[in-house]
Structures are given as structure tokens and as C-alpha cells.
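Shown next: query12.txt, given as compact mmCIF, C-alpha atoms.
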# COMPACT_ATOMS: atom_id res chain seq x y z
CA MET A 1 108.53 60.29 121.67
CA LEU A 2 105.95 59.40 119.06
CA ALA A 3 107.04 57.01 116.35
CA ARG A 4 107.38 58.34 112.82
CA ASN A 5 103.99 58.97 111.16
CA SER A 6 102.14 58.34 114.44
CA VAL A 7 101.42 62.02 115.11
CA ALA A 8 98.92 62.30 112.26
CA ARG A 9 97.28 59.01 113.22
CA ASN A 10 96.95 59.98 116.88
CA VAL A 11 95.65 63.47 116.18
CA PHE A 12 93.15 61.92 113.79
CA LYS A 13 92.14 59.38 116.43
CA ALA A 14 91.74 62.07 119.06
CA THR A 15 89.67 64.31 116.85
CA ARG A 16 87.47 61.47 115.71
CA SER A 17 86.67 60.62 119.31
CA ALA A 18 85.27 64.14 119.75
CA GLY A 19 82.50 63.31 117.33
CA SER A 20 83.91 65.02 114.28
CA ARG A 21 83.07 63.70 110.85
CA VAL A 22 85.07 63.12 107.71
CA ILE A 23 83.83 65.51 105.06
CA LEU A 24 84.48 64.35 101.51
CA ARG A 25 84.24 67.22 99.03
CA SER A 26 83.81 66.20 95.41
CA ARG A 27 81.18 68.56 94.05
CA ILE A 28 83.70 71.09 92.71
CA THR A 29 86.51 69.81 90.54
CA THR A 30 89.78 71.58 91.27
CA SER A 31 92.59 71.56 88.73
CA VAL A 32 95.93 71.49 90.52
CA THR A 33 99.27 71.62 88.73
CA ARG A 34 102.26 70.39 90.67
CA ALA A 35 105.91 69.60 90.07
CA ASP A 36 105.85 66.27 91.86
CA PRO A 37 108.19 63.34 91.21
CA PRO A 38 106.33 60.63 89.27
CA ASP A 39 106.46 58.21 92.22
CA SER A 40 105.56 60.79 94.86
CA GLN A 41 102.78 59.75 97.22
CA GLY A 42 102.80 62.71 99.60
CA ILE A 43 101.03 62.07 102.92
CA PRO A 44 97.38 61.58 103.84
CA PRO A 45 95.79 64.86 105.00
CA PRO A 46 96.79 64.81 108.69
CA LEU A 47 93.78 66.86 109.86
CA ARG A 48 91.16 64.97 107.91
CA GLY A 49 88.20 64.47 110.26
CA THR A 50 89.03 67.60 112.29
CA ARG A 51 86.23 70.16 112.29
CA ILE A 52 87.06 73.84 112.79
CA VAL A 53 84.46 76.52 113.44
CA ASP A 54 86.04 79.69 112.06
CA LEU A 55 84.70 82.97 113.48
CA THR A 56 87.64 85.02 112.18
CA ARG A 57 87.71 87.83 109.62
CA VAL A 58 90.21 89.74 107.50
CA LEU A 59 93.75 88.23 107.52
CA ALA A 60 95.43 86.87 110.68
CA GLY A 61 92.68 84.42 111.62
CA PRO A 62 91.78 83.41 108.05
CA THR A 63 95.47 82.73 107.38
CA ALA A 64 95.62 80.33 110.33
CA THR A 65 92.43 78.51 109.38
CA MET A 66 93.42 78.29 105.70
CA LEU A 67 96.67 76.57 106.66
CA LEU A 68 94.70 74.10 108.78
CA ALA A 69 92.25 73.58 105.91
CA ASP A 70 95.21 72.86 103.63
CA LEU A 71 96.10 70.01 105.99
CA GLY A 72 92.66 68.49 105.51
CA ALA A 73 90.60 70.09 108.28
CA ASP A 74 86.92 70.79 107.60
CA VAL A 75 86.92 74.56 108.16
CA ILE A 76 83.44 76.06 108.38
CA LYS A 77 83.76 79.82 107.99
CA ILE A 78 80.95 81.53 109.92
CA GLU A 79 80.02 84.82 108.25
CA GLU A 80 77.63 87.69 108.80
CA VAL A 81 74.44 87.00 106.85
CA LYS A 82 74.32 89.96 104.47
CA CYS A 83 77.92 91.09 104.02
CA GLY A 84 80.18 88.29 105.21
CA ASP A 85 83.88 88.74 105.93
CA ASP A 86 85.00 92.39 105.78
CA THR A 87 87.41 91.60 102.95
CA ARG A 88 84.57 90.55 100.64
CA SER A 89 83.94 94.26 100.14
CA TRP A 90 87.60 95.17 99.63
CA PHE A 91 87.61 95.65 95.87
CA PRO A 92 88.79 96.55 93.30
CA PRO A 93 90.50 94.39 92.30
CA SER A 94 88.09 91.50 92.01
CA ALA A 95 87.71 88.39 89.89
CA ALA A 96 85.79 88.69 86.62
CA LEU A 97 82.46 86.91 87.04
CA LEU A 98 80.93 84.33 84.77
CA PRO A 99 77.80 85.33 82.80
CA ALA A 100 74.74 85.44 85.06
CA GLU A 101 73.24 82.31 83.52
CA SER A 102 76.41 80.33 84.35
CA GLN A 103 76.50 81.30 88.02
CA PRO A 104 74.81 79.38 90.85
CA PRO A 105 71.16 80.32 91.46
CA ASN A 106 70.34 83.03 93.99
CA THR A 107 73.77 84.66 93.81
CA SER A 108 73.04 87.64 91.55
CA HIS A 109 72.77 89.94 94.59
CA LEU A 110 76.30 89.16 95.74
CA PRO A 111 79.17 91.58 95.10
CA PRO A 112 82.20 90.64 92.97
CA GLU A 113 84.64 88.14 94.43
CA SER A 114 87.36 90.25 96.06
CA THR A 115 90.90 89.14 95.30
CA TYR A 116 91.82 89.91 98.92
CA PHE A 117 89.21 87.48 100.22
CA LEU A 118 90.19 84.89 97.64
CA SER A 119 93.81 84.98 98.83
CA VAL A 120 93.24 83.42 102.27
CA ASN A 121 90.07 81.33 102.13
CA ARG A 122 90.75 78.28 99.96
CA ASN A 123 89.59 74.86 101.14
CA LYS A 124 86.88 76.33 103.41
CA ARG A 125 83.09 76.23 103.55
CA SER A 126 81.00 79.39 104.05
CA CYS A 127 78.05 79.30 106.43
CA THR A 128 76.16 82.49 107.32
CA ILE A 129 74.73 82.71 110.84
CA ASN A 130 73.44 85.72 112.77
CA PHE A 131 74.53 84.44 116.17
CA LYS A 132 73.32 87.61 117.90
CA HIS A 133 69.83 86.22 117.31
CA PRO A 134 68.81 83.51 119.84
CA ASP A 135 68.03 81.02 117.08
CA GLY A 136 71.36 81.75 115.40
CA LEU A 137 73.19 81.27 118.70
CA SER A 138 71.44 77.93 119.08
CA VAL A 139 72.63 76.87 115.61
CA LEU A 140 76.19 77.85 116.46
CA TYR A 141 76.02 75.93 119.73
CA ASP A 142 74.95 72.84 117.79
CA LEU A 143 77.93 73.30 115.50
CA ILE A 144 80.35 73.80 118.40
CA LYS A 145 79.19 70.50 119.90
CA THR A 146 80.55 68.73 116.81
CA ALA A 147 83.75 70.79 116.54
CA ASP A 148 87.35 70.11 117.49
CA VAL A 149 88.51 73.71 117.22
CA LEU A 150 86.95 77.18 117.37
CA VAL A 151 89.00 80.14 116.17
CA GLU A 152 87.88 83.73 116.82
CA ASN A 153 89.36 87.20 116.51
CA PHE A 154 86.89 89.41 118.36
CA ILE A 155 87.94 92.04 120.89
CA PRO A 156 88.54 90.18 124.18
CA GLY A 157 85.33 89.77 126.15
CA LYS A 158 82.92 90.47 123.28
CA LEU A 159 81.98 86.85 122.60
CA ALA A 160 81.58 86.14 126.33
CA GLU A 161 78.93 88.87 126.45
CA ILE A 162 76.71 86.82 124.13
CA GLY A 163 77.50 83.39 125.55
CA LEU A 164 80.32 82.37 123.22
CA GLY A 165 83.35 82.87 125.45
CA TRP A 166 85.83 80.14 126.36
CA GLU A 167 83.97 79.12 129.52
CA ASP A 168 80.63 79.01 127.66
CA CYS A 169 81.99 76.86 124.86
CA LYS A 170 83.90 74.59 127.24
CA ARG A 171 80.62 73.72 128.94
CA ILE A 172 79.22 72.71 125.56
CA ASN A 173 82.29 70.75 124.47
CA ASP A 174 85.01 70.13 127.05
CA ARG A 175 87.43 68.84 124.39
CA LEU A 176 87.23 72.02 122.31
CA ILE A 177 90.40 73.86 121.31
CA TYR A 178 89.40 77.53 121.60
CA ALA A 179 91.86 79.84 119.83
CA SER A 180 91.56 83.58 120.46
CA ILE A 181 93.44 85.91 118.13
CA SER A 182 93.51 89.56 119.19
CA GLY A 183 95.51 92.74 118.87
CA TYR A 184 97.14 92.80 122.29
CA GLY A 185 96.16 89.61 124.11
CA GLN A 186 93.43 88.70 126.57
CA THR A 187 94.94 90.57 129.54
CA GLY A 188 96.80 93.81 130.22
CA PRO A 189 95.92 97.50 129.86
CA TYR A 190 95.59 97.34 126.06
CA ALA A 191 93.57 94.12 125.92
CA LYS A 192 90.35 95.83 124.84
CA ASN A 193 92.02 97.74 121.99
CA ALA A 194 91.30 96.57 118.46
CA GLY A 195 94.30 95.17 116.61
CA TYR A 196 95.33 96.48 113.20
CA ASP A 197 98.45 95.27 111.47
CA VAL A 198 99.77 98.71 110.56
CA VAL A 199 99.20 100.05 114.08
CA ILE A 200 100.99 97.09 115.64
CA GLU A 201 103.85 97.51 113.15
CA ALA A 202 104.18 101.04 114.52
CA GLU A 203 103.66 100.26 118.19
CA ALA A 204 105.76 97.10 118.40
CA GLY A 205 108.94 98.43 116.79
CA LEU A 206 108.77 97.18 113.21
CA MET A 207 108.01 100.49 111.57
CA HIS A 208 110.80 102.17 113.52
CA ILE A 209 113.37 99.90 111.85
CA THR A 210 111.80 99.90 108.36
CA GLY A 211 112.73 102.56 105.81
CA GLU A 212 115.68 104.70 104.80
CA PRO A 213 117.91 106.15 107.55
CA ASP A 214 117.02 109.75 106.70
CA GLY A 215 113.39 109.04 105.76
CA MET A 216 110.07 108.47 107.51
CA PRO A 217 109.25 105.15 109.17
CA ASN A 218 107.61 102.79 106.66
CA LYS A 219 105.22 99.89 106.84
CA VAL A 220 106.07 96.61 105.16
CA GLY A 221 104.49 96.05 101.72
CA VAL A 222 102.14 93.31 102.97
CA ALA A 223 100.48 92.89 106.38
CA VAL A 224 103.37 90.84 107.71
CA THR A 225 102.30 91.08 111.37
CA ASP A 226 98.87 89.65 110.55
CA ILE A 227 100.40 86.86 108.49
CA SER A 228 102.97 86.03 111.18
CA THR A 229 100.23 85.91 113.80
CA GLY A 230 98.29 83.51 111.60
CA LEU A 231 101.36 81.28 111.39
CA PHE A 232 101.81 81.31 115.17
CA ALA A 233 98.11 80.57 115.70
CA HIS A 234 98.22 77.71 113.21
CA GLY A 235 101.17 76.15 115.04
CA ALA A 236 99.54 76.70 118.44
CA ILE A 237 96.35 74.94 117.33
CA LEU A 238 98.34 71.94 116.11
CA ALA A 239 100.17 71.87 119.48
CA ALA A 240 96.83 72.06 121.33
CA LEU A 241 95.48 69.11 119.34
CA LEU A 242 98.54 67.11 120.41
CA SER A 243 98.05 68.27 124.01
CA ARG A 244 94.43 67.11 123.91
CA GLN A 245 95.63 63.75 122.68
CA GLN A 246 97.65 63.43 125.91
CA THR A 247 95.22 65.00 128.39
CA GLY A 248 91.79 64.55 126.84
CA LYS A 249 91.05 68.20 127.62
CA GLY A 250 90.48 71.27 125.52
CA VAL A 251 92.82 74.28 125.49
CA TRP A 252 92.33 78.05 125.38
CA ILE A 253 94.92 79.63 123.10
CA ASP A 254 95.76 83.33 123.49
CA CYS A 255 97.58 84.55 120.35
CA ASN A 256 97.99 88.21 119.48
CA LEU A 257 99.58 90.60 117.00
CA PHE A 258 101.52 92.62 119.59
CA GLU A 259 103.53 89.76 121.06
CA THR A 260 103.95 88.17 117.65
CA GLN A 261 105.54 91.34 116.31
CA ILE A 262 107.81 91.76 119.31
CA SER A 263 108.94 88.16 118.88
CA GLY A 264 109.54 88.93 115.20
CA LEU A 265 112.05 91.66 116.07
CA ALA A 266 114.50 88.76 116.42
CA ASN A 267 118.14 89.94 116.43
CA VAL A 268 117.10 93.59 116.77
CA ALA A 269 115.32 92.74 120.02
CA SER A 270 118.28 90.70 121.18
CA ALA A 271 120.69 93.56 120.48
CA TYR A 272 118.58 95.85 122.65
CA LEU A 273 117.91 93.40 125.48
CA ILE A 274 121.50 92.15 125.77
CA ALA A 275 123.66 95.04 124.55
CA SER A 276 121.27 98.01 125.05
CA LYS A 277 121.64 98.84 121.36
CA GLU A 278 118.66 100.72 120.02
CA GLY A 279 117.42 99.70 116.59
CA GLY A 280 117.29 102.04 113.63
CA ARG A 281 116.37 102.27 109.97
CA HIS A 282 118.95 101.07 107.48
CA GLY A 283 117.00 100.90 104.23
CA THR A 284 118.02 97.66 102.54
CA SER A 285 121.46 97.62 104.19
CA HIS A 286 122.54 95.62 107.23
CA PRO A 287 123.92 97.25 110.38
CA SER A 288 126.52 94.52 110.90
CA ILE A 289 127.43 93.32 107.38
CA VAL A 290 128.87 95.40 104.51
CA PRO A 291 128.20 95.22 101.61
CA TYR A 292 124.72 93.80 102.14
CA GLN A 293 122.09 95.93 100.39
CA VAL A 294 120.41 96.96 97.14
CA PHE A 295 122.62 98.68 94.58
CA PRO A 296 121.44 100.56 91.48
CA CYS A 297 122.53 99.45 88.01
CA LYS A 298 122.16 101.23 84.69
CA ASP A 299 118.59 99.96 84.20
CA GLY A 300 117.45 98.55 87.54
CA TYR A 301 118.54 97.29 90.92
CA LEU A 302 120.38 94.33 92.41
CA MET A 303 120.37 92.96 95.94
CA ILE A 304 123.74 91.55 96.97
CA GLY A 305 125.14 90.23 100.20
CA ALA A 306 128.83 89.62 100.84
CA GLY A 307 128.53 88.09 104.28
CA ASN A 308 132.17 87.16 104.82
CA ASP A 309 135.69 88.05 103.64
CA ARG A 310 135.80 85.25 101.06
CA GLN A 311 132.60 86.48 99.40
CA PHE A 312 133.83 90.07 99.48
CA THR A 313 137.08 89.07 97.75
CA LYS A 314 135.13 87.29 95.01
CA LEU A 315 132.86 90.32 94.60
CA ALA A 316 135.79 92.72 94.31
CA GLU A 317 138.02 90.60 92.06
CA ASN A 318 135.74 88.34 90.02
CA VAL A 319 132.61 90.46 89.62
CA LEU A 320 133.57 94.12 89.89
CA ASN A 321 137.21 93.76 88.70
CA LEU A 322 138.30 96.05 91.53
CA HIS A 323 141.29 94.09 92.85
CA GLU A 324 142.53 97.05 94.86
CA LEU A 325 139.63 96.75 97.27
CA THR A 326 140.99 93.52 98.71
CA THR A 327 144.28 95.14 99.74
CA ASP A 328 142.78 98.39 101.05
CA PRO A 329 143.01 98.28 104.89
CA ARG A 330 139.66 100.10 105.12
CA PHE A 331 137.96 97.04 103.62
CA ALA A 332 140.18 94.21 104.86
CA SER A 333 137.62 92.76 107.28
CA ASN A 334 133.89 92.98 107.80
CA SER A 335 134.29 95.18 110.88
CA SER A 336 136.49 97.62 108.92
CA ARG A 337 134.00 97.59 106.04
CA VAL A 338 131.21 98.45 108.49
CA ALA A 339 133.34 101.33 109.82
CA HIS A 340 133.91 102.62 106.26
CA GLN A 341 130.51 101.72 104.84
CA GLU A 342 129.84 105.05 103.14
CA GLU A 343 133.11 105.04 101.17
CA LEU A 344 132.75 101.40 100.10
CA VAL A 345 129.11 101.74 99.05
CA LYS A 346 129.99 104.69 96.81
CA ILE A 347 132.81 102.74 95.10
CA ILE A 348 130.57 99.72 94.48
CA THR A 349 127.66 101.88 93.30
CA ASP A 350 129.88 103.66 90.76
CA ALA A 351 130.99 100.28 89.42
CA PHE A 352 127.47 98.86 89.14
CA MET A 353 126.20 101.94 87.31
CA LYS A 354 128.50 101.19 84.35
CA HIS A 355 126.40 98.24 83.10
CA ASN A 356 122.81 97.03 82.99
CA THR A 357 121.23 94.38 85.23
CA ASP A 358 121.65 91.47 82.82
CA HIS A 359 125.40 92.09 82.62
CA TRP A 360 125.74 91.86 86.39
CA LEU A 361 123.48 88.83 86.70
CA ARG A 362 125.78 86.98 84.32
CA ALA A 363 128.84 88.18 86.22
CA PHE A 364 127.50 86.87 89.53
CA GLN A 365 126.65 83.41 88.21
CA GLY A 366 128.74 80.70 89.84
CA GLN A 367 130.57 83.02 92.22
CA GLY A 368 128.88 81.82 95.40
CA ILE A 369 127.80 85.34 96.35
CA PRO A 370 124.15 85.91 97.36
CA PHE A 371 122.51 88.11 94.72
CA GLY A 372 119.21 88.72 93.00
CA PRO A 373 117.36 91.29 90.93
CA ILE A 374 114.52 93.37 92.36
CA ASN A 375 111.56 91.75 90.65
CA ASN A 376 108.05 93.14 90.39
CA ILE A 377 105.09 90.83 90.97
CA SER A 378 104.80 89.83 87.32
CA GLN A 379 108.49 88.97 87.19
CA THR A 380 108.15 87.03 90.44
CA PHE A 381 105.49 84.70 89.04
CA SER A 382 107.38 84.27 85.77
CA HIS A 383 110.63 83.46 87.61
CA PRO A 384 112.06 80.13 86.38
CA GLN A 385 112.14 78.75 89.92
CA ALA A 386 108.53 79.78 90.52
CA ILE A 387 107.51 77.98 87.33
CA ALA A 388 109.54 74.88 88.20
CA ARG A 389 108.06 74.70 91.70
CA ARG A 390 104.46 75.29 90.52
CA VAL A 391 103.80 78.10 92.98
CA THR A 392 100.31 78.71 91.62
CA VAL A 393 97.25 76.49 91.51
CA GLU A 394 94.19 76.78 89.29
CA VAL A 395 90.74 76.35 90.82
CA ASP A 396 87.27 76.36 89.32
CA HIS A 397 85.17 78.94 91.17
CA PRO A 398 81.37 78.65 90.85
CA ARG A 399 80.92 82.40 90.20
CA ALA A 400 84.21 83.37 88.60
CA GLY A 401 85.30 80.29 86.66
CA LYS A 402 88.96 79.39 86.52
CA LEU A 403 91.15 81.35 88.92
CA LYS A 404 94.82 81.21 89.81
CA LEU A 405 95.80 81.27 93.46
CA THR A 406 99.10 80.87 95.25
CA ALA A 407 99.61 77.20 96.07
CA PRO A 408 100.45 75.82 99.51
CA PRO A 409 104.21 76.39 99.84
CA VAL A 410 105.19 73.16 101.62
CA SER A 411 105.70 69.71 100.10
CA TYR A 412 105.52 66.40 101.95
CA ASN A 413 107.54 63.59 100.42
CA GLY A 414 107.72 65.71 97.30
CA LYS A 415 104.00 66.47 97.05
CA LYS A 416 101.93 69.45 98.10
CA MET A 417 98.61 69.22 99.87
CA PRO A 418 95.83 69.61 97.29
CA VAL A 419 93.58 72.61 96.99
CA ARG A 420 90.34 70.68 97.28
CA THR A 421 87.88 73.53 96.88
CA PRO A 422 88.07 77.18 95.83
CA PRO A 423 87.36 80.01 98.26
CA PRO A 424 83.59 79.90 98.82
CA TYR A 425 81.09 82.51 97.77
CA LEU A 426 79.02 83.98 100.61
CA SER A 427 76.71 81.40 102.26
CA GLU A 428 77.62 78.77 99.68
CA HIS A 429 77.43 75.92 102.20
CA THR A 430 74.89 77.15 104.77
CA GLU A 431 72.15 74.73 103.78
CA GLU A 432 74.63 71.88 103.51
CA VAL A 433 76.02 72.52 107.00
CA LEU A 434 72.63 72.83 108.68
CA THR A 435 70.76 70.03 106.93
CA ARG A 436 73.47 67.49 106.17
CA ASP A 437 75.96 68.05 108.98
CA LEU A 438 73.62 69.10 111.81
CA GLY A 439 70.52 67.22 110.70
CA TYR A 440 68.13 70.17 110.54
CA SER A 441 65.00 69.58 108.52
CA LYS A 442 64.47 71.45 105.27
CA GLU A 443 61.46 73.15 106.86
CA ARG A 444 63.52 74.35 109.83
CA PHE A 445 66.27 75.62 107.55
CA ASN A 446 63.76 77.56 105.43
CA GLU A 447 62.26 79.08 108.56
CA LEU A 448 65.70 80.22 109.78
CA ARG A 449 66.39 81.71 106.38
CA ARG A 450 63.03 83.52 106.37
CA LEU A 451 63.89 85.03 109.75
CA GLY A 452 67.28 86.22 108.46
CA VAL A 453 69.11 83.99 110.96
CA VAL A 454 71.13 82.16 108.28
How would this structure read if it were set down as C-alpha cells?
Amino acid sequence: MLARNSVARNVFKATRSAGSRVILRSRITTSVTRADPPDSQGIPPPLRGTRIVDLTRVLAGPTATMLLADLGADVIKIEEVKCGDDTRSWFPPSAALLPAESQPPNTSHLPPESTYFLSVNRNKRSCTINFKHPDGLSVLYDLIKTADVLVENFIPGKLAEIGLGWEDCKRINDRLIYASISGYGQTGPYAKNAGYDVVIEAEAGLMHITGEPDGMPNKVGVAVTDISTGLFAHGAILAALLSRQQTGKGVWIDCNLFETQISGLANVASAYLIASKEGGRHGTSHPSIVPYQVFPCKDGYLMIGAGNDRQFTKLAENVLNLHELTTDPRFASNSSRVAHQEELVKIITDAFMKHNTDHWLRAFQGQGIPFGPINNISQTFSHPQAIARRVTVEVDHPRAGKLKLTAPPVSYNGKKMPVRTPPPYLSEHTEEVLTRDLGYSKERFNELRRLGVV
């Protein structure tokens, strides 16, 4: 077992030996507000010196690479020359731009900065390369030689057709971690199908169990399958870096939306596999715990969960003032409450409808019963706990000025990893990457730009 704090040192040592470079970014000043203890030191960025070539677009892949960038990795986002990542065109909404004279030169042709793109691309550099062009492919090869990790989310086999598959890249850099993110995985009858979050939600069971019992299947409010896949990919890449530390060899990672979503079925999958119990839609309620759902009040909604008999007794006696519920044999145990769910839910609903939300929030305080109001997004960011934990971070974007983003959600020794740079505008770092990092001459760079390669 590695000694405490040795993992970061050894990963750093391993990645440095692959020829990666430490990239110090100080050109853009980022204002970060945190709720750190005064003596908090946090930890050094554990992936500092790790270079990641990011060929991903949209959400799952960019989520994974953003999390790695948060840990200090130098993530170079490779984008299509004219349009970039698909999500750059997904607006409105978009950030309000600075006056033209205050923006960087040669950016007036760019579209607004999409809030979707801004959400998952902090701490990265943008480099545009047309790698379908032979000269562009040569540039990308040069970059891969210096990289520790390559992440891609093309349909399986597409990159191999142009010389960028796992075997091709392994010949260039045998220590490369090559992470493939796809819809259905690299093998199997559906491997060549494109992966879309909402389709996978439908096909892998999530939509079947989401929604009201008598309503249509629903998708989740955010692309949760994409985000979960990004989290799995991020963890797999960290594991592969540790594996390389032990073996000295690169790894091909196969991560996909379909298996991620099936894994995410959790207890619903277990109930089917072990007890042959088919899943169903329950709205906000729980199939095995009652009461455990959203209830309407006079002016809003509350989510409550009485997960055991003690909590149910407190709910009935101390909150609702319905002492008779605790002696009613229909509600004496959780199993009996599940059997008589409809009757109990009606009694509780009638009680809640007598007062407004604030009344009930006060009544629940100190009772030890899980509860919470249904907040909109504005209420979420103004929540006292959100304010105390500094869940947002302010960055200074070259085209849009000061922007608020969600902050990294994890603290280390009481301190969050810093947001070093804002999400980049399209091609912001292309010249920097080619001339400074790869050593191309200014003349060669200008020629590649004239040809539309970068």
C-alpha cells in the first residue's frame, strides 16, 4: 500500500517521465471566493505536469477532462477549426460580451459564449486543429508524443480510420493512457451506434422508472447519464495513471453511457436480478419506504422522508399533531405503511395543506426527520448552505468579463482546487500550444493557419 500523500507524488513522477511539462498559467487572473479555514493549506495539484489531449465534445467527455483539469492537469481541448465544440453553438442563453474594443483581437467573428459550453470547460486550453488534413494530423501526432492521456468520444472505429486509434497512438507513445468514451462500448452489436444521453436513459431503464405511476416515462432534468459517465471516465483515467506507475505501460479505457446507466440502476437493478422484481415509476415516492415523497403545502411543496418507525412517530406526533397515527395498526410498521400507502398519503396531504411552507419548515426543525423545500435554481444558489460553502466561483473571461461558474465541489484539507483559468474562447491557445509547447516556428504556424489547418 502506498504511504499517505505518496500517490500524488508517484503519479507526478510517472507522468513527468513521459516527457510532460509543467504549464504555469498566470496570464488570466481568476478571482476565486472560498470558505476555507484561515490555516487551510489544501494540497498541491496532484495532476500538475500531466498533459491531456482532449478530443471530446458536448458533455460526458468534457466533464471527465474538466475534473482532471481541476486537479491540475494541462488539458488541451482540440476543437474543429471553424465551429469548435458542438455546445459552443447551443445558445441562448449565452454570456453577455464585453464591448468589441475590450475583447481580444481577431475574435469579432466568434459567436457568443454559450452557457452550456462554459459549464464544463474551465481550466482548459483551446487549440483548433483540422486533423483530417495531413498537416493537421502531423500536428496532433506531435502533441500526442508529449501527452500522458488522450480522451476521445468518437463512434468506435472512426479515429482508427484516420490513424488515431489506440494502436496508432500506442506506436507513437507507448505510455499513453487512451480513454474512449462512447454510447455503447467498443464491442457488441450496438457498438457503432451514436450515444445520446436521453436515448440511453430510455434504453437502459432509467426513463422507465422516472415519472408518475400513471404518467408517461420522463427524462431526468439534466443529462445525468452523460455526467455519470464523465465521473466514471475521470476515475478510470486516474486508475490508469496509477497502473502505468506500476507497469510502465499505457492503458486503453473503454467507458460508455450504456453500461454506466445500467450500473446506475443500483437497488432497482439488484431487485430485478436477485428477486425478479420489475422496476416501475413511483413519482417522488419510494417503493419500500412510506412516507418518503413530496407533499403539497398551501403555497408550495415539501420533500420528507420518514425512513424508520422512530422518525414516523416524530412526524405524526411532533410535526403533524396526529397522535392517532402511531396507534393505528395500518401504520404501525414500515411494511404496514407500505401496504396502506394510499390511505396514509391522503391523511398526511390533508394535514400539510392546512399551512404554508414556512410553517412546516419551522415545525420540522430539530426533529431529526429528513425534509426540505422544493427550491428553484435561484433559491438553490441563495440557499444559506450554498452561500456558506461558496458553491460558485467568479472568473474573468477575456470576451465576457466577470462570470460566475459552479465551483469544484470537493475540498482537500478544507480547501478547494482553484479555478486557474476560465473556459477558453475558440482557438484561444492554438498559437501558444504550437509555438511554445511544440516548438513550431512562427512562420510554420502562420502557414498552417493560412491553410486552415489550425
Worksheet entry | Point (134.4, 84.9, 103.0), cut-off 12 Å, counting only C-alpha atoms, residues as a ChimeraX atom specification | /A:289-290,305-316,326,332-334,367-370
Worksheet entry | Spatial neighbours of Lys170 in chain A, 10 Å, all atoms listed in the file, chain gap at least 2 places, as a VMD selection string | chain A and resid 144 to 145 164 to 168 172 to 178 249 to 252
Practice prompt. Identify which of the residues A:Ala388, A:Thr406, A:Asp299, A:Leu325 lies closest to Ser119 in chain A, counting only C-alpha atoms when measuring atom-to-atom distances.
Written response: A:Thr406
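Nearest residue to Ala236 in chain A among A:Arg330, A:Gly136, A:Ala179, A:Pro217 is A:Ala179, counting all atoms listed in the file.
Of the residues under consideration (A:Ser382, A:Thr327, A:Ser114, A:Thr63), A:Thr63 shows the shortest atom-to-atom contact distance to Asp226 in chain A when counting all atoms listed in the file.
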